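J.: Can you keep this structure in mind? I'll have questions shortly.
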Amino acid sequence: MAGRGRGSDQGEDAVIGVSERSLFAPMPGPPLPALPPANRPGNDPSRVDMPASSPPAQAGVVERVRRWIGPISLPRLRHDVAVAADLELDRGIGFLLVPVCLAVGAIAYFSLAAEPDFARLIAVVVLTGLCALVSRSWPKTHLCFMAAFLCTLGLLAAKVETWRAGTQVLGSEISTQITGRVVSLDQMETGRIRLTIDVVSTARPKLRYMPTRVRLSARRIPADMTAGSLISGYAKLLPPTGPVRPDSYDFSFDSYFAGIGGSGFFLGNPRIVAAGDNDVPLSLRLSSSIENAREAIADHIRSIVGGAEGEIAAALIVGVRAGIPDEINESMRRTGIYHIISISGLHMALVAGTVMGLLRGALALFPDLSARRAVKKYAAAAALFSIAAYLVISGVVVAAERSFIMLAVMLIAVLFDRAALTMRNLAISAIAVIVVSPHEVIGPSFQMSFAATAALVGAYAGWADHRAGQTRSPPPKRSLPGFLTRKVLHSAGGLAMTSIIAGSATALFAIWHFQRVSPLSLFANLAIMPIVSVVMFLAVASALLMPFGLDWPALYLMGKGLTAMIAISAWISERSPVDAVGLISRQSVILVAIALVIATTATTWLRLAALPVALAGLLTVSQTRTPDVLISEDARLIALPIGGGELAVSRPRPNEFTVDNWKRALKSESIVVPEVFSKGEGQFNLADAAELPPGAPFYCTEGVCLARHPSGAIIAHVEDRKDAWKACAFANLIVIDDATAYDPCHNPLVLVITKRQLARKGSAAVFFDRQSAIAPATVSFAVDSPYRPWHAQRAFSREARGLPPYRKPERPTAPVQ
């Protein structure tokens, strides 16, 4: 992509003599004939050609525009498009579109309403493959069938991953005695310890459908508990929750592919049954040793650095970030620098760059060796080994795994004398990630990281091509202050452009997934990235010196750098405006993604086609309706915007995570808790429900909580089905927190949602008809039916079966003698 490899025939493809076009069009057709001069638009055979001249100065804008677009016609445009498309194929755009087609297939699989059959998928793959094979003599038809074949391969890969995961997920909450082996331990910011446990057995009661792996928290654990220890304790298990609102992040989907079948907490403190057994598989012993080493390194870092800086240092070096304070996490999110905490491409690139730079500098001290040997390849091999070790010690999280694949492809390209930073290498890494983990395609991490990387590679490759075609005179001699000033300005400009390009490419994906933007992210990244570069250099140095016990100076300086980073982030966060932007339409994100693909893969003037597509995406951003009411899947919490940036909620102490998500989606800044009135106080009673002003928060009395939407609709929240009839006379929406409830109103104008419906279909969004006051409200649930594998457990909860909560029978007391 960069320089000669992007548009020149003398690039690296010319050296190898192989083009990716052979994959898509191995038998090209004859060249397109040029249009004869007499038939070209704008040429008149009866007219004597006049020498070309510029339009007179007095010619108006309309005349100049007419003369400019005069030669353009449909035949000429079709000819130019065909020539440019042929050139794009010669330059290898077909291979760059392979991961795009695979991703489209994976997204299509996860968007299906019902689970497809294996046999049908395989049949479709075979059919499209045969069609692509027999259509090799017709290039255009062959291209279409190859794209369809790759899309069906993406479908099949996603289906295989779903079958391979096969996670046994808990269907209903239950308390049981768990015995299992510790996989990992995380010290939470609240002081609790989060344990990931491979379940060995359960008792009291024994679960017939036992999850393989669970995640539990505990107040305290034995001091000698480590990864690999066999522990036991009485715990309350909960099934994974669904989306907190329709079209939001699905925790049950993530848990299914992470192998987590349930979560919860220990009712007491867990105890160690055995520290380790000789019959433990070798893979488990190896993973436990790595996890214990990570924890030991994290404790060592915390003991030297201390405080929040120690937690961030442990997150940067070994990927342990559960102990970072919430206020620091939030300030980094508001300033757009939270990507620094998660080990991803930035950290891998800094580690690889640091190792390569240090090793090449060290080998340069030996001129005989550096003159006779390819020291660059030695440095690339060392960098590859270093990021592999970094991946293992950081816990092999998904973001780090994806970044490792990307960097490994580029470093291997260096070993084989190929250009490292190209769109081709990015495509190879994307193919590897999609084949291994297709479910990552619909997640924010995959979309934002590859969007940012593709935009940066494409932008800087285009800039390199532009500069390669220019003749530049040697720069004038400058004094040392002038030289340093120029270097600083160039570095700041490059960093600013990097932040602008990456931020623009990922902005709509961030809004779609998180409903927030970081208005001051450019300034935050400009201020903090130089510090982060130094901090990561010190992190690499401390890791190299740690085995010799000489790492404390590097860790001390690293802590000082992190203190400055935290202070700058907090200062910018306090001055950042509200970052909640609400919901955007799905089609706008799809259009912008298509525009990004066109802009980053095309090398001819066809890249201009990205402009109208991107413009269409931006114009359709607001074409989505904001819900009037949001309801949690447990039927315990209702929220509605009441104007003035306020969100009325139905509980005095709502779930903080759920409310934060709802506030961003509904563009609210604060919440209003309900007011509770006892029966007979006289301040409020159900008879006054019709008198509630529009935008009134929840008022609770006689077992019913009422609120009035600004549109005039009345919302009622009822805990007991016996009280639901009280709201039938005036409510437009009734939510009953009772799984045994039914519709007591039998009125088509009153929407009744029960706990059983929410347990089966997930959280809900309600929309009122703003045009008609008597039209019934409509509802949208988060989970469709029939269930996909990651939602199948919803049908087995007590609430989904219409049963009341389980209560232990009271033990009979002995009569008093």
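Naming works like this for the structure tokens: A, B, ... for the chains as they're shown, residue 1 at the start of each chain, ligands 1 onward in shown order.
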Set the distance at 7 Å and use only C-alpha atoms: which residues neighbour Ser445 in chain A once local chain neighbours fewer than 3 positions away are removed? I'd like the list as a ChimeraX atom specification.
T.: /A:399,448-449
J.: Please provide as a short mmCIF file (atom, residue, chain, number, x, y, z; two decimals) with C-alpha atoms, in the first residue's frame all residues within 7 Å of Phe145 in chain A, with the sequence filter that same-chain residues fewer than 6 positions apart are discarded (counting only C-alpha atoms).
T.:
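Generated file (around-v5.cif):
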data_model
loop_
_atom_site.label_atom_id
_atom_site.label_comp_id
_atom_site.auth_asym_id
_atom_site.auth_seq_id
_atom_site.Cartn_x
_atom_site.Cartn_y
_atom_site.Cartn_z
CA THR A 128 -21.97 -21.14 -4.29
CA CYS A 131 -21.07 -21.73 -9.17
CA ALA A 132 -17.89 -19.73 -8.61
#
J.: Name all residues at most 12 Å from Phe730 in chain A (count only C-alpha atoms; drop same-chain ones fewer than 2 positions away) and give them as a PyMOL selection string.
T.: chain A and resi 686-692+706-708+712-716+724-728+732-734+745+747+749-751+774
J.: Per DSSP on the backbone, filter range 202-305 of chain A down to the residues in strand (DSSP E or B) and report them as a count of residues only.
T.: 26
J.: Quick one: everything within 9 Å of Ile431 in chain A, counting only C-alpha atoms, minus sequence neighbours fewer than 4 positions away in the same chain. Send it as a PyMOL selection string.
T.: chain A and resi 98-100+102-103+426-427+435-436
